[in-house]
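**Student:** As input, take final-v7.txt (compact mmCIF, C-alpha atoms and all ligand atoms):
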```
# COMPACT_ATOMS: atom_id res chain seq x y z
CA MET A 55 122.94 53.36 194.92
CA THR A 56 120.70 55.23 197.35
CA MET A 57 121.87 58.64 198.38
CA ASN A 58 122.47 58.40 202.11
CA HIS A 59 125.95 59.70 201.40
CA PRO A 60 126.86 63.31 202.11
CA GLY A 61 127.64 64.87 198.71
CA ASN A 62 125.32 66.12 195.97
CA LEU A 63 125.70 64.98 192.37
CA PHE A 64 124.89 67.42 189.53
CA VAL A 65 124.84 66.39 185.88
CA ILE A 66 124.98 69.07 183.18
CA THR A 67 124.17 68.29 179.55
CA ALA A 68 123.83 70.48 176.43
CA PRO A 69 124.22 70.27 172.67
CA SER A 70 127.52 71.70 171.39
CA GLY A 71 127.33 75.46 171.01
CA ALA A 72 124.83 75.97 173.84
CA GLY A 73 127.59 77.42 176.02
CA LYS A 74 127.90 74.60 178.54
CA SER A 75 131.67 74.74 179.05
CA SER A 76 131.76 78.50 179.71
CA LEU A 77 128.83 78.27 182.10
CA VAL A 78 130.37 75.37 184.02
CA LYS A 79 133.71 77.16 184.20
CA ALA A 80 132.05 80.29 185.64
CA LEU A 81 129.99 78.18 188.07
CA MET A 82 133.13 76.45 189.35
CA ALA A 83 134.82 79.82 189.85
CA ALA A 84 131.75 81.17 191.71
CA ASP A 85 131.37 78.10 193.94
CA PRO A 86 134.67 76.58 195.07
CA ALA A 87 132.85 73.83 197.01
CA LEU A 88 131.94 72.21 193.68
CA GLN A 89 134.29 69.73 192.09
CA LEU A 90 134.31 68.93 188.39
CA SER A 91 134.74 65.26 187.60
CA VAL A 92 137.47 64.49 185.04
CA SER A 93 136.24 61.98 182.44
CA HIS A 94 138.13 59.39 180.45
CA THR A 95 138.07 59.60 176.66
CA THR A 96 139.56 57.85 173.65
CA ARG A 97 139.74 61.09 171.63
CA ALA A 98 143.05 62.92 171.22
CA PRO A 99 143.81 66.08 173.21
CA ARG A 100 142.98 69.40 171.49
CA GLY A 101 144.97 72.64 171.86
CA GLN A 102 146.13 73.20 175.42
CA GLU A 103 144.24 70.25 176.91
CA GLN A 104 146.15 68.22 179.51
CA SER A 105 145.64 64.65 180.63
CA GLY A 106 144.40 64.53 184.21
CA ARG A 107 143.05 68.08 184.07
CA ASP A 108 140.67 68.24 181.06
CA TYR A 109 140.29 64.50 180.51
CA TYR A 110 142.22 61.33 181.09
CA PHE A 111 143.20 60.61 177.49
CA VAL A 112 143.43 56.85 177.07
CA SER A 113 143.78 54.33 174.23
CA PRO A 114 140.71 52.40 173.00
CA GLU A 115 142.28 49.28 174.57
CA ALA A 116 142.73 50.92 177.96
CA PHE A 117 139.14 52.24 177.81
CA GLU A 118 137.81 48.79 176.93
CA ALA A 119 139.75 47.24 179.81
CA MET A 120 138.06 49.72 182.18
CA VAL A 121 134.62 48.85 180.73
CA GLN A 122 135.33 45.14 181.31
CA ALA A 123 136.50 45.86 184.87
CA ASP A 124 133.23 47.77 185.53
CA ALA A 125 135.30 50.84 186.35
CA PHE A 126 132.79 53.32 184.83
CA VAL A 127 129.54 54.52 186.43
CA GLU A 128 128.47 55.52 182.91
CA TRP A 129 130.03 55.63 179.47
CA ALA A 130 128.85 56.40 175.93
CA HIS A 131 129.89 56.81 172.30
CA VAL A 132 129.89 60.51 171.42
CA HIS A 133 131.05 61.75 167.99
CA ASN A 134 132.83 58.46 167.20
CA HIS A 135 134.78 58.32 170.46
CA ARG A 136 134.12 56.80 173.84
CA TYR A 137 133.73 58.91 176.96
CA GLY A 138 133.19 57.69 180.51
CA THR A 139 132.98 58.71 184.14
CA SER A 140 135.06 56.51 186.39
CA ARG A 141 133.51 55.09 189.51
CA GLN A 142 136.45 56.50 191.44
CA ALA A 143 135.72 60.02 190.14
CA VAL A 144 132.24 59.92 191.68
CA GLU A 145 131.58 57.44 194.43
CA ASP A 146 134.57 58.20 196.68
CA LYS A 147 133.99 61.93 196.43
CA ILE A 148 130.27 61.99 197.19
CA ALA A 149 130.91 59.57 200.05
CA GLN A 150 133.35 62.15 201.45
CA GLY A 151 130.71 64.88 201.20
CA GLN A 152 131.95 66.55 198.02
CA ASP A 153 129.46 68.16 195.65
CA ILE A 154 130.36 66.87 192.19
CA ILE A 155 129.58 68.20 188.72
CA LEU A 156 129.52 65.88 185.71
CA GLU A 157 129.64 67.59 182.32
CA ILE A 158 128.50 64.70 180.11
CA ASP A 159 126.24 63.87 177.18
CA PHE A 160 122.55 62.92 177.51
CA GLN A 161 123.17 59.16 177.26
CA GLY A 162 125.54 59.36 180.22
CA ALA A 163 123.19 61.69 182.13
CA LEU A 164 120.33 59.19 181.84
CA GLN A 165 122.55 56.32 183.00
CA ILE A 166 123.60 58.37 186.04
CA LYS A 167 119.97 59.20 186.89
CA LYS A 168 119.13 55.48 186.88
CA ARG A 169 122.04 54.63 189.13
CA PHE A 170 121.93 57.63 191.48
CA VAL A 171 118.25 58.44 191.94
CA GLU A 172 118.89 61.72 193.72
CA ALA A 173 121.33 63.04 191.13
CA VAL A 174 120.15 66.40 189.77
CA THR A 175 120.10 66.53 185.98
CA ILE A 176 120.28 69.89 184.23
CA PHE A 177 119.86 70.56 180.50
CA ILE A 178 121.14 73.75 178.91
CA LEU A 179 119.23 74.99 175.86
CA PRO A 180 120.17 77.74 173.41
CA PRO A 181 117.48 80.44 172.96
CA SER A 182 116.90 79.51 169.28
CA TRP A 183 118.19 77.47 166.33
CA GLU A 184 119.48 80.63 164.73
CA GLU A 185 121.49 81.57 167.80
CA LEU A 186 122.90 78.04 168.11
CA ARG A 187 124.03 78.16 164.47
CA GLN A 188 125.55 81.63 164.96
CA ARG A 189 127.49 80.48 168.01
CA LEU A 190 128.91 77.48 166.16
CA VAL A 191 129.92 79.74 163.25
CA ARG A 192 131.44 82.40 165.57
CA ARG A 193 133.45 79.74 167.41
CA GLY A 194 135.29 79.20 164.13
CA GLU A 195 136.30 75.62 164.95
CA ASP A 196 134.25 73.72 162.39
CA SER A 197 133.68 73.54 158.62
CA PRO A 198 130.12 74.26 157.33
CA GLU A 199 129.57 70.48 156.95
CA VAL A 200 130.57 69.81 160.55
CA ILE A 201 128.32 72.66 161.71
CA GLU A 202 125.39 71.05 159.87
CA LEU A 203 126.24 67.72 161.52
CA ARG A 204 126.39 69.35 164.98
CA LEU A 205 122.98 71.00 164.37
CA LYS A 206 121.51 67.66 163.31
CA ASN A 207 122.94 66.00 166.44
CA ALA A 208 121.66 68.91 168.54
CA ALA A 209 118.09 68.15 167.42
CA THR A 210 118.41 64.56 168.68
CA GLU A 211 120.02 65.70 171.94
CA MET A 212 117.49 68.46 172.62
CA ALA A 213 114.62 66.01 172.18
CA GLN A 214 115.83 64.42 175.44
CA VAL A 215 115.22 67.60 177.45
CA GLU A 216 111.96 66.27 178.89
CA ARG A 217 113.86 63.58 180.78
CA PHE A 218 115.87 66.14 182.77
CA ASP A 219 115.03 67.74 186.12
CA TYR A 220 115.95 71.36 185.28
CA VAL A 221 116.27 73.45 182.13
CA ILE A 222 118.50 76.48 181.81
CA ILE A 223 118.03 78.70 178.75
CA ASN A 224 121.34 80.29 177.87
CA GLU A 225 120.19 83.52 176.32
CA LEU A 226 122.01 85.97 178.60
CA PHE A 227 125.13 84.41 180.08
CA GLU A 228 124.87 86.07 183.52
CA ARG A 229 121.22 85.11 183.88
CA ALA A 230 121.95 81.50 182.90
CA LEU A 231 124.83 81.37 185.37
CA ALA A 232 122.60 82.70 188.17
CA ASP A 233 119.94 80.12 187.27
CA LEU A 234 122.50 77.33 187.37
CA HIS A 235 123.75 78.47 190.75
CA THR A 236 120.16 78.61 192.03
CA VAL A 237 119.67 74.95 191.11
CA VAL A 238 122.84 74.01 193.01
CA GLN A 239 121.83 76.04 196.07
CA SER A 240 118.27 74.65 196.05
CA GLN A 241 119.56 71.10 196.15
CA ARG A 242 121.74 72.00 199.14
CA LEU A 243 118.68 73.36 200.96
CA LYS A 244 116.71 70.11 200.70
CA LEU A 245 116.13 68.49 204.06
CA PRO A 246 118.50 65.51 203.62
CA SER A 247 121.31 67.82 202.44
CA GLN A 248 120.74 70.23 205.32
CA ARG A 249 120.74 67.39 207.84
CA ARG A 250 124.05 66.18 206.47
CA ALA A 251 125.59 69.64 206.25
CA ARG A 252 124.46 70.99 209.66
CA PRO A 253 124.07 67.97 212.00
CA ASN A 254 124.86 70.05 215.09
CA ILE A 255 121.96 72.42 214.52
CA PHE A 256 119.51 69.55 214.06
CA LYS A 257 120.87 67.92 217.19
CA ALA A 258 120.62 71.12 219.24
CA LEU A 259 117.01 71.51 218.11
CA ASN A 260 116.25 67.90 219.06
CA LEU A 261 115.50 67.15 215.41
CA THR A 262 117.77 64.17 214.90
P1 LIG B 301 134.39 67.12 173.75
O1 LIG B 301 135.08 66.05 172.94
O2 LIG B 301 133.95 68.28 172.90
O3 LIG B 301 135.20 67.53 174.95
O4 LIG B 301 133.06 66.46 174.34
C1 LIG B 301 132.12 65.90 173.50
C2 LIG B 301 130.89 65.49 174.29
O5 LIG B 301 131.20 64.42 175.18
C3 LIG B 301 130.29 66.59 175.14
O6 LIG B 301 128.88 66.58 174.96
C4 LIG B 301 130.64 66.15 176.55
O7 LIG B 301 129.69 66.61 177.48
C5 LIG B 301 130.59 64.65 176.42
N1 LIG B 301 131.31 63.98 177.51
C6 LIG B 301 132.46 64.38 178.11
N2 LIG B 301 132.81 63.52 179.07
C7 LIG B 301 131.86 62.55 179.10
C8 LIG B 301 131.66 61.39 179.91
O8 LIG B 301 132.43 61.05 180.81
N3 LIG B 301 130.56 60.63 179.62
C9 LIG B 301 129.68 60.96 178.65
N4 LIG B 301 128.62 60.17 178.48
N5 LIG B 301 129.83 62.05 177.88
C10 LIG B 301 130.91 62.84 178.10
```
Show me this structure written as structure tokens.
Ligand code: 5GP

**Tutor:**
Amino acid sequence: MTMNHPGNLFVITAPSGAGKSSLVKALMAADPALQLSVSHTTRAPRGQEQSGRDYYFVSPEAFEAMVQADAFVEWAHVHNHRYGTSRQAVEDKIAQGQDIILEIDFQGALQIKKRFVEAVTIFILPPSWEELRQRLVRRGEDSPEVIELRLKNAATEMAQVERFDYVIINELFERALADLHTVVQSQRLKLPSQRRARPNIFKALNLT
């Protein structure tokens, strides 16, 4: 799909423990014009998670039916479950001029980049292996074995960083948040985005 539609599409990827969810949450609070896409998953809800807000929690059969119906713009196996972004969650919204954020894994991010050439892909890195390990330990969610598995997976995921457009290093949270917001704002200042956002100004300047 070429991007002569009005909205911008941002894809954010990070290994677990890099702080992606907190950064995205703060970005959404700072920039109400952004909309977070709600993915489908076959994993069970955790804690306070609600279907329709955090994910659409669906059975493996329902997910497979959506795959067969070509209802996903991307999907992938992550940690033994399937996760996908529905076409409806993306295409309708960018066509209406919404700026959308996808918080998805690297396999999904690369599929999106192939399909939407102007999508902006952003990779969040931790400042060091030691800090990543510390964050996973501090989070207190996982056994030592699971932490080792997450670190092993993180190495594979981080090797994909070179295929992304932007890199945010999450050393100081506020700095990383400002960097993330800068990426979003820069995309909005590109000529095609400005033309779409401010058509009257271009018209008045005879720049149509
Ligand atoms: P969690 O189960 O911890 O919420 O998410 C596990 C991983 O799946 C995270 O890396 C998250 O970014 C990724 N993920 C969430 N939704 C999607 C999606 O729609 N597509 C893909 N490819 N990955 C997703």

**Student:** Can you sort out the box for ligand LIG 301 (chain B), edges along x, y and z, all listed atoms in, 4 Å on every side, with centre and edge lengths in Å to one decimal, as JSON?

**Tutor:**
```
{"center_x": 131.9, "center_y": 64.2, "center_z": 176.9, "size_x": 14.6, "size_y": 16.1, "size_z": 15.9}
```

**Student:** Excluding Phe64 in chain A and its own-chain neighbours fewer than 2 positions away, which residues fall within 8 Å of it when counting only C-alpha atoms? Please give them as JSON, numbers by chain.

**Tutor:** {"A": [62, 66, 153, 154, 155, 156, 173, 174, 175, 176, 238]}

**Student:** Looking at all atoms listed in the file, which of A:Ala116, A:Leu261, A:Leu164, A:Val65 is the one that sits closest to Val221 in chain A?

**Tutor:**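 Under the stated criterion, the closest residue is A:Val65.
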
**Student:** How many Å lie between CA of Asn207 in chain A and atom C4 of ligand LIG 301 (chain B), rounded to one decimal?

**Tutor:**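 So the two atoms, CA of Asn207 in chain A and atom C4 of ligand LIG 301 (chain B), lie 12.7 Å apart.
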
**Student:** Enter the distance from atom N5 of ligand LIG 301 (chain B) to CA of Leu205 in chain A, in Å, rounded to one decimal.

**Tutor:**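 Between these atoms lies a distance of 17.6 Å.
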
**Student:** From the options A:Arg250, A:Lys206, A:His94, A:Arg242, which residue's atoms come nearest to ligand LIG 301 (chain B), counting only C-alpha atoms and all ligand atoms?

**Tutor:**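 Ranking A:Arg250, A:Lys206, A:His94, A:Arg242 by distance to ligand LIG 301 (chain B), first place goes to A:His94.
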
**Student:** For ligand LIG 301 (chain B), return the neighbouring residues as a ChimeraX atom specification (distance at most 8 Å; all atoms listed in the file).

**Tutor:** /A:66-70,92-95,97,109,128-133,136-140,156-163

**Student:** By how many Å are CA of Ile178 in chain A and CA of Arg249 in chain A apart?

**Tutor:**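 A separation of 29.6 Å between them.
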
**Student:** Using only C-alpha atoms, pick whichever of A:Phe177, A:Phe256, A:Phe117, A:Tyr110 has the shortest atom-to-atom distance to Asp219 in chain A.

**Tutor:**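 Checking each candidate against Asp219 in chain A, we get A:Phe177 as the closest.
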
**Student:** With only C-alpha atoms as the atoms that count, which of A:Leu259, A:Ser75, A:Asp233, A:Glu225 lies nearest to Glu185 in chain A?

**Tutor:**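 That would be A:Glu225, the residue with the smallest distance to Glu185 in chain A.
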
**Student:** Tell me which of A:Leu63, A:Ala72, A:Leu77, A:Ala87 sits closest to Arg189 in chain A, counting only C-alpha atoms.

**Tutor:** A:Ala72

**Student:** Go through A:Lys79, A:Arg141, A:Lys244, A:Lys147 one by one, measure the shortest atom-to-atom distance of each to Leu231 in chain A using all atoms listed in the file, and give the residue with the smallest value.

**Tutor:** A:Lys79
